[in-house]
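See structure below.
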Amino acid sequence: MSTARYAYHYATHGRTPVETGRVLIDHALLSQADGHLQQMAEVSRDRPAWAQDLVQIARAVFLADKLSPRGHSDDRWTRHLDLMVQVSEPDAWTEAALALLSRLAKTLTADRWTIRVRPGAAIWPHQGRVLASSQVEEVALFSGGLDSAAYAADRARLRRGDLLLVSYFEPHWARQQTRVGDAIDVLRARTIRQFRASQQVVARRPDLEPSARSRGLLYMATAVYLAAAHDVPQVAVPENGQLALNPALTPARVAACSTRSVHPHTLALLNELIEAVGGSVVVVNPYLHLTKGEVCRRAVTAGLPASALTGATLSCGRPPRDRPELHCGHCYPCLVRHSGLLAALDGDDTPYGKDIWTVDDAADAAVDRRALHRWLSRPFGMRDLVTDMPLPRDLDPAPLVDVVERGRAELVDMFRRHGETVIRRTR
């Protein structure tokens with residue numbers, strides 16, 4: 001089996017020599033966020049160079065991922081990506097740190113990564129002003145999805161220092177993210193700041209890789225940089241335990257064929273990497289032990305109206321681009337969303353592009369529904385939790401098995417509500 005091989009050099013400053021065989025990646029492909037990012041990070045003290053370098057490396061990984069079509073591999077997935085990145089403090093990126101970085105990238109994308117650094121990047125300059133006298137106290141990712149909306153609404157009600165939300169968006173759905181933000185703004189008892197940037201790669205190429213397993217690193221590295229600049233000790237990445245653990249429904253969906261951006265192993269690797277390069281920010285998932293339904297209930301308790309949950313949040317794994325609906329209705333994230341809303345609201349008014357419950361079992365659109373039905377009929381235990389992804393040694397697996405089982409109960413009830421029985425087997 002042959003693996004597609006790609007070699008890149010990511011430069012951020014000045015003219016730099018590029019090794020023969022490497023393609024130069026222009027940082028401008030994703031640099032439209034720089035002005036706003038530096039503005040949101042404007043503080044009176046120096047901003048940590050390691051955190052800026054982490055953002056640049058995350059951008060380089062994301063761009064290399066998008067510029068490298070998987071279709072050139074025999075298995076139409078696995079690639080070997082050799083990446084050189086210009087940084088400001090290369091000495092911090094020791095051999096051990098770079099090995100961790102390569103492991104993290106491999107965990108996210110299921111590719112083979114070789115990542116090295118070279119000097120020459122310039123430190124982002126201060127803009128000469130501080131945005132506000134109030135103190136940023138919390139930093140969290142905000143995708144506009146149901147989970148991040150629930151968390152933001154919950155934290156917005158607290159009378160504390162500023163809450164800084166970090167968002168990337170696809171231009172197609174920018175308005176939707178704004179609608180969710182407006183619903184949260186009504187509830188706020190504290191100042192909310194928001195960093196928003198497009199994740200669109202500015203490249204006139206028709207063959208950009210459609211998958212984007214590395215974008216989670218881009219999001220989290222940006223949030224870590226802003227937290228480090230404001231001396232905030234942790235970044236919240238809210239994702240319900242069902243989708244954070246994301247156990248494979250079938251053997252064909254192991255590794256990065258199922259998204260692992262917020263898996264405990266991924267976050268542990270990122271936190272280990274941050275420590276290795278001299279940082280102290282910790283990335284956490286506050287919703288790891290909650291099901292989708294439990295997250296939905298938290299959103300309602302926080303004051304988000306049902307209409308905002310069903311009509312404004314975006315959870316779909318394959319959002320339709322040529323239809324008014326934001327959710328396809330038949331992908332796995334849509335099914336988990338539907339089960340959670342049914343559990344919390346006893347109904348779901350989300351406008352789905354397809355009513356999956358009227359689709360014939362043999363249709364292509366029903367593939368996730370069929371896989372989910374089969375998975376629910378099989379028992380689930382500790383071994384299934386770590387089949388293709390380890391857990392951090394300090395994390396108790398028993399509560400994780402429990403959250404998956406509670407989530408499975410919500411999914412079984414969803415099938416029951418639509419007239420389908422799931423016969424659950426025990427070991």
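Here, A, B, ... name the chains of the structure tokens in the order displayed, residue numbers run from 1 inside each chain, and ligands are numbered from 1 in the same displayed order.
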Subject >> In region 258-399 of chain A, DSSP alpha helix (DSSP H) residues written as a ChimeraX atom specification >> reply: /A:264-276,292-302,306-311,332-345,367-377,382-385,397-399
**OP:** Skip region 175-188 of chain A itself and residues of its chain fewer than 6 positions away, then list as a VMD selection string all residues within 8 Å of it, counting only C-alpha atoms.
**Re:** chain A and resid 143 to 144 149 152 to 153 156 to 158 169 303 to 304 308 312 to 314
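CA of Val404 (chain A) sits 21.6 Å away from CA of Gly329 (chain A).
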Can you list, as a tab-separated table (two decimals) with all heavy atoms, in the first residue's frame, every protein, DNA or RNA residue that comes within 6 Å of region 88-93 of chain A when you count only C-alpha atoms, leaving out same-chain residues fewer than 5 positions away?
chain	number	residue	atom	x	y	z
A	119	PRO	N	14.30	28.74	13.13
A	119	PRO	CA	14.11	30.09	13.65
A	119	PRO	C	13.71	31.08	12.58
A	119	PRO	O	13.69	30.77	11.39
A	119	PRO	CB	15.50	30.43	14.21
A	119	PRO	CG	16.45	29.62	13.38
A	119	PRO	CD	15.72	28.34	13.06
A	120	GLY	N	13.36	32.29	13.03
A	120	GLY	CA	13.11	33.36	12.08
A	120	GLY	C	11.78	34.06	12.21
A	120	GLY	O	11.59	35.14	11.64
A	121	ALA	N	10.83	33.48	12.94
A	121	ALA	CA	9.52	34.12	13.08
A	121	ALA	C	9.62	35.34	13.99
A	121	ALA	O	10.38	35.33	14.97
A	121	ALA	CB	8.49	33.14	13.62
A	122	ALA	N	8.87	36.37	13.67
A	122	ALA	CA	8.88	37.58	14.48
A	122	ALA	C	7.79	37.50	15.56
A	122	ALA	O	6.71	36.95	15.34
A	122	ALA	CB	8.64	38.80	13.60
A	277	VAL	N	6.81	22.81	26.36
A	277	VAL	CA	7.40	24.01	25.77
A	277	VAL	C	7.39	25.20	26.75
A	277	VAL	O	7.67	26.32	26.35
A	277	VAL	CB	6.69	24.40	24.45
A	277	VAL	CG1	6.89	23.31	23.42
A	277	VAL	CG2	5.21	24.69	24.66
Subject >> 12 Å contact set for Thr114 (chain A), only C-alpha atoms, chain neighbours under 3 positions out, as a ChimeraX atom specification >> reply: /A:5-9,61,64,79-85,95,98-106,111,117
